[in-house]
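The structure under discussion appears below in the form of structure tokens.
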Amino acid sequence: MFFVTAVSAEIAGFPFESESQEQRFRDLSTELRCLVCQNQSLADSNAGLAQDLRTELYEQVLSNNSSDEIIRFMTERYGDFILYKPRFATKTLLLWFTPILLFIVAVFFLIRFSKFRNQSQQVQPSEEELKKVRELLKAQEQKK
Amino acid sequence: MSQPAENETLPQEQKPKLWVYLLPLGLFGVLMIFFFFGLGLNPRLLPSPLIGQPAPDFSLPKLSNPDETIQNVDLTGEVSLLNIWATWCTSCRQEHPVLMKIAESKEVPIHGLYYKDQPALGIEWLNNYGNPYYDNAVDMDGKVGIEWGAYGTPETFVIDQEGIIRYKHVGPISWHDWQTTLLPLINLLKNNNGV
């Protein structure tokens, strides 16, 4: 994709005034989801709605609306679903923290049930156990 | 971390407890519950952020007379439906007879947003199949459709007396949808008038 920026600031019929505008258009159109073909971004999709939303995005980038403003515009109309990357909000906390939580739980079980831990316990028999062992050994000796 | 005493004294009895064996089954069960509800959802039905919001501003030419305009203030005063449709939309053809029946019931006026289509085709459609609409606004470039968060025609909004969007139905309305969801909501909104 590097060679694209070397060419003039224009993407598929959308001429831009500057390369920063072009970059912003490119970034935003890959961050926003096409709602008709849901596994494609606005940049990838040829659906009619994606074209319309690209035009909308283009006009807003040209009028130098901030990326936050544009994302607000889109989510006010289409909801958070239009964002590929879920927002960090109360209702998405579970989504964001489940992997970390699962990792912590996994580490806990790993330590709790590891072979290494059991072995380390066995090499340190308690005083009581040692006593028992000595008694048994003694009894064995006496049998002989 | 402190260790259970029996592990220290009786290492030969360090068999995992029953719950350890049941844990994978339990996790599997939780996964199944998530799958049951998650896979039952239709990914095409997106919650509209417009519910509870005033109908978006627009001013568009009428289908029947391009010299006249329809604005969102025309949607206030009584409970109404706004139906987004086009002649290229096959599900709209499927929905059309239901809209005709709803119009016959005179429960609620249906406003049309004629979306990204040629006016002549729309007029022909209404002449051929019947006109369930109170009026139609022509949104040739789809700009107003974006304001309404339209992503798949047909879409139908229930708008209350104050012009607040109360419900959105995506896809063709069936007679069953009308009787079980839309009509009860419309009656509720009508009864709430003035409260």
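Please note that chains go A, B, ... in the order of the structure tokens, that every chain numbers its residues from 1, and that ligands are numbered from 1 in the order shown.
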
Per residue of chain A within 7 Å of chain B, note the shortest atom pair and the distance in Å to one decimal, counting only C-alpha atoms, and order the rows by chain and increasing residue number, as JSON lines.
{"residue": "A:Leu35", "atom": "CA", "partner": "B:Tyr151", "partner_atom": "CA", "distance": 6.1}
{"residue": "A:Val36", "atom": "CA", "partner": "B:Tyr151", "partner_atom": "CA", "distance": 6.2}
{"residue": "A:Leu49", "atom": "CA", "partner": "B:Tyr151", "partner_atom": "CA", "distance": 6.7}
{"residue": "A:Glu76", "atom": "CA", "partner": "B:Pro49", "partner_atom": "CA", "distance": 6.1}
{"residue": "A:Arg77", "atom": "CA", "partner": "B:Gly149", "partner_atom": "CA", "distance": 4.6}
{"residue": "A:Tyr78", "atom": "CA", "partner": "B:Gly149", "partner_atom": "CA", "distance": 5.0}
{"residue": "A:Gly79", "atom": "CA", "partner": "B:Pro49", "partner_atom": "CA", "distance": 5.3}
{"residue": "A:Gln121", "atom": "CA", "partner": "B:Glu8", "partner_atom": "CA", "distance": 6.7}
{"residue": "A:Gln122", "atom": "CA", "partner": "B:Pro11", "partner_atom": "CA", "distance": 6.7}
{"residue": "A:Ser126", "atom": "CA", "partner": "B:Thr9", "partner_atom": "CA", "distance": 6.7}

Take the residues that were just selected and, keeping C-alpha atoms, output them as a PDB file, in the first residue's frame.
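Below is the file out.pdb, written as the result:
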ATOM      1  CA  LEU A  35     -24.018  -2.515   7.060  1.00  0.00           C
ATOM      2  CA  VAL A  36     -25.289  -4.420   4.054  1.00  0.00           C
ATOM      3  CA  LEU A  49     -25.153   2.002   0.815  1.00  0.00           C
ATOM      4  CA  GLU A  76     -25.843   8.394  15.871  1.00  0.00           C
ATOM      5  CA  ARG A  77     -27.502   7.004  12.761  1.00  0.00           C
ATOM      6  CA  TYR A  78     -26.308   3.418  12.532  1.00  0.00           C
ATOM      7  CA  GLY A  79     -25.293   2.548  16.091  1.00  0.00           C
ATOM      8  CA  GLN A 121       5.462 -30.896  48.245  1.00  0.00           C
ATOM      9  CA  GLN A 122       6.620 -34.494  48.214  1.00  0.00           C
ATOM     10  CA  SER A 126       6.462 -33.568  57.446  1.00  0.00           C
TER      11      SER A 126
END

Residue contacts of A:Leu28 (12 Å, only C-alpha atoms) excluding same-chain residues fewer than 3 positions away, as an NGL selection string: :A and (21-25 or 31-34 or 41-44 or 53-54 or 56-58 or 60-61 or 66-71 or 74 or 82-85)

Please write the residues from the selection above to a file, keeping C-alpha atoms, as a PDB file, in the first residue's frame.
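Saved result, again_0.pdb, follows:
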ATOM      1  CA  GLN A  21      -7.256  14.304   4.201  1.00  0.00           C
ATOM      2  CA  GLU A  22      -6.698  11.313   1.980  1.00  0.00           C
ATOM      3  CA  GLN A  23      -5.076   9.404   4.814  1.00  0.00           C
ATOM      4  CA  ARG A  24      -7.973  10.212   7.119  1.00  0.00           C
ATOM      5  CA  PHE A  25     -10.483   9.087   4.499  1.00  0.00           C
ATOM      6  CA  GLU A  31     -12.693   1.469  10.434  1.00  0.00           C
ATOM      7  CA  LEU A  32     -16.339   1.734   9.425  1.00  0.00           C
ATOM      8  CA  ARG A  33     -18.365  -1.315   8.568  1.00  0.00           C
ATOM      9  CA  CYS A  34     -20.619  -1.702   5.572  1.00  0.00           C
ATOM     10  CA  SER A  41     -15.530  -2.241   5.537  1.00  0.00           C
ATOM     11  CA  LEU A  42     -16.823   0.817   3.715  1.00  0.00           C
ATOM     12  CA  ALA A  43     -13.533   0.825   1.800  1.00  0.00           C
ATOM     13  CA  ASP A  44     -13.977  -2.752   0.558  1.00  0.00           C
ATOM     14  CA  LEU A  53     -21.596   6.361   3.091  1.00  0.00           C
ATOM     15  CA  ARG A  54     -18.206   6.728   1.397  1.00  0.00           C
ATOM     16  CA  GLU A  56     -20.812  11.139   2.990  1.00  0.00           C
ATOM     17  CA  LEU A  57     -17.438  10.382   4.581  1.00  0.00           C
ATOM     18  CA  TYR A  58     -15.619  12.069   1.703  1.00  0.00           C
ATOM     19  CA  GLN A  60     -17.129  15.374   5.766  1.00  0.00           C
ATOM     20  CA  VAL A  61     -13.377  14.825   5.421  1.00  0.00           C
ATOM     21  CA  SER A  66     -12.712  15.812  12.934  1.00  0.00           C
ATOM     22  CA  SER A  67     -12.576  12.029  12.971  1.00  0.00           C
ATOM     23  CA  ASP A  68     -14.509  12.051  16.250  1.00  0.00           C
ATOM     24  CA  GLU A  69     -17.248  14.148  14.680  1.00  0.00           C
ATOM     25  CA  ILE A  70     -17.502  11.812  11.712  1.00  0.00           C
ATOM     26  CA  ILE A  71     -17.631   8.721  13.918  1.00  0.00           C
ATOM     27  CA  MET A  74     -22.151   7.547  11.823  1.00  0.00           C
ATOM     28  CA  ILE A  82     -20.844   0.460  12.222  1.00  0.00           C
ATOM     29  CA  LEU A  83     -17.561   0.515  14.144  1.00  0.00           C
ATOM     30  CA  TYR A  84     -15.288  -2.429  13.488  1.00  0.00           C
ATOM     31  CA  LYS A  85     -13.456  -1.873  16.741  1.00  0.00           C
TER      32      LYS A  85
END

Contacts of stretch 123-125 of chain B within 10 Å, only C-alpha atoms, excl. fewer than 3 positions in-chain, as a PyMOL selection string: chain B and resi 63-64+86-87+93+118-120+128-131

Export, as a PDB file, in the first residue's frame, the selected residues with N, CA and C atoms.
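Everything below was put into result30.pdb:
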ATOM      1  N   LEU B  63     -43.597  12.712  -4.167  1.00  0.00           N
ATOM      2  CA  LEU B  63     -43.600  11.841  -5.348  1.00  0.00           C
ATOM      3  C   LEU B  63     -44.725  12.247  -6.300  1.00  0.00           C
ATOM      4  N   SER B  64     -45.891  12.554  -5.739  1.00  0.00           N
ATOM      5  CA  SER B  64     -47.044  12.865  -6.574  1.00  0.00           C
ATOM      6  C   SER B  64     -46.930  14.260  -7.195  1.00  0.00           C
ATOM      7  N   ALA B  86     -38.567   1.137  -2.297  1.00  0.00           N
ATOM      8  CA  ALA B  86     -38.121   1.432  -3.661  1.00  0.00           C
ATOM      9  C   ALA B  86     -38.656   0.342  -4.577  1.00  0.00           C
ATOM     10  N   THR B  87     -38.684   0.630  -5.873  1.00  0.00           N
ATOM     11  CA  THR B  87     -39.210  -0.391  -6.790  1.00  0.00           C
ATOM     12  C   THR B  87     -38.171  -1.481  -7.065  1.00  0.00           C
ATOM     13  N   ARG B  93     -41.995  -5.382  -2.582  1.00  0.00           N
ATOM     14  CA  ARG B  93     -43.120  -5.931  -3.347  1.00  0.00           C
ATOM     15  C   ARG B  93     -43.880  -6.947  -2.492  1.00  0.00           C
ATOM     16  N   GLN B 118     -36.153   6.076  -9.352  1.00  0.00           N
ATOM     17  CA  GLN B 118     -36.732   7.050 -10.277  1.00  0.00           C
ATOM     18  C   GLN B 118     -38.192   7.317  -9.921  1.00  0.00           C
ATOM     19  N   PRO B 119     -38.594   8.606  -9.812  1.00  0.00           N
ATOM     20  CA  PRO B 119     -39.992   8.915  -9.466  1.00  0.00           C
ATOM     21  C   PRO B 119     -40.993   8.250 -10.404  1.00  0.00           C
ATOM     22  N   ALA B 120     -40.677   8.213 -11.710  1.00  0.00           N
ATOM     23  CA  ALA B 120     -41.629   7.643 -12.670  1.00  0.00           C
ATOM     24  C   ALA B 120     -41.931   6.177 -12.347  1.00  0.00           C
ATOM     25  N   ASN B 128     -50.060   0.542 -10.488  1.00  0.00           N
ATOM     26  CA  ASN B 128     -50.283  -0.879 -10.785  1.00  0.00           C
ATOM     27  C   ASN B 128     -50.771  -1.667  -9.573  1.00  0.00           C
ATOM     28  N   TYR B 129     -50.140  -1.430  -8.436  1.00  0.00           N
ATOM     29  CA  TYR B 129     -50.390  -2.307  -7.281  1.00  0.00           C
ATOM     30  C   TYR B 129     -51.282  -1.670  -6.220  1.00  0.00           C
ATOM     31  N   GLY B 130     -51.554  -0.386  -6.367  1.00  0.00           N
ATOM     32  CA  GLY B 130     -52.334   0.317  -5.340  1.00  0.00           C
ATOM     33  C   GLY B 130     -51.427   1.176  -4.488  1.00  0.00           C
ATOM     34  N   ASN B 131     -52.026   2.221  -3.899  1.00  0.00           N
ATOM     35  CA  ASN B 131     -51.228   3.176  -3.122  1.00  0.00           C
ATOM     36  C   ASN B 131     -51.628   3.167  -1.647  1.00  0.00           C
TER      37      ASN B 131
END

Atomic separation - atom CA of B:Asn187 relative to atom CA of B:Val79, Å: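 Pair atom CA of B:Val79 / atom CA of B:Asn187 returns 9.0 Å.
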
Point-to-point distance from atom CA of B:His176 to atom CA of B:Cys89, Å rounded to tenths: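 Answer for the atom CA of B:His176 to atom CA of B:Cys89 separation: 21.0 Å.
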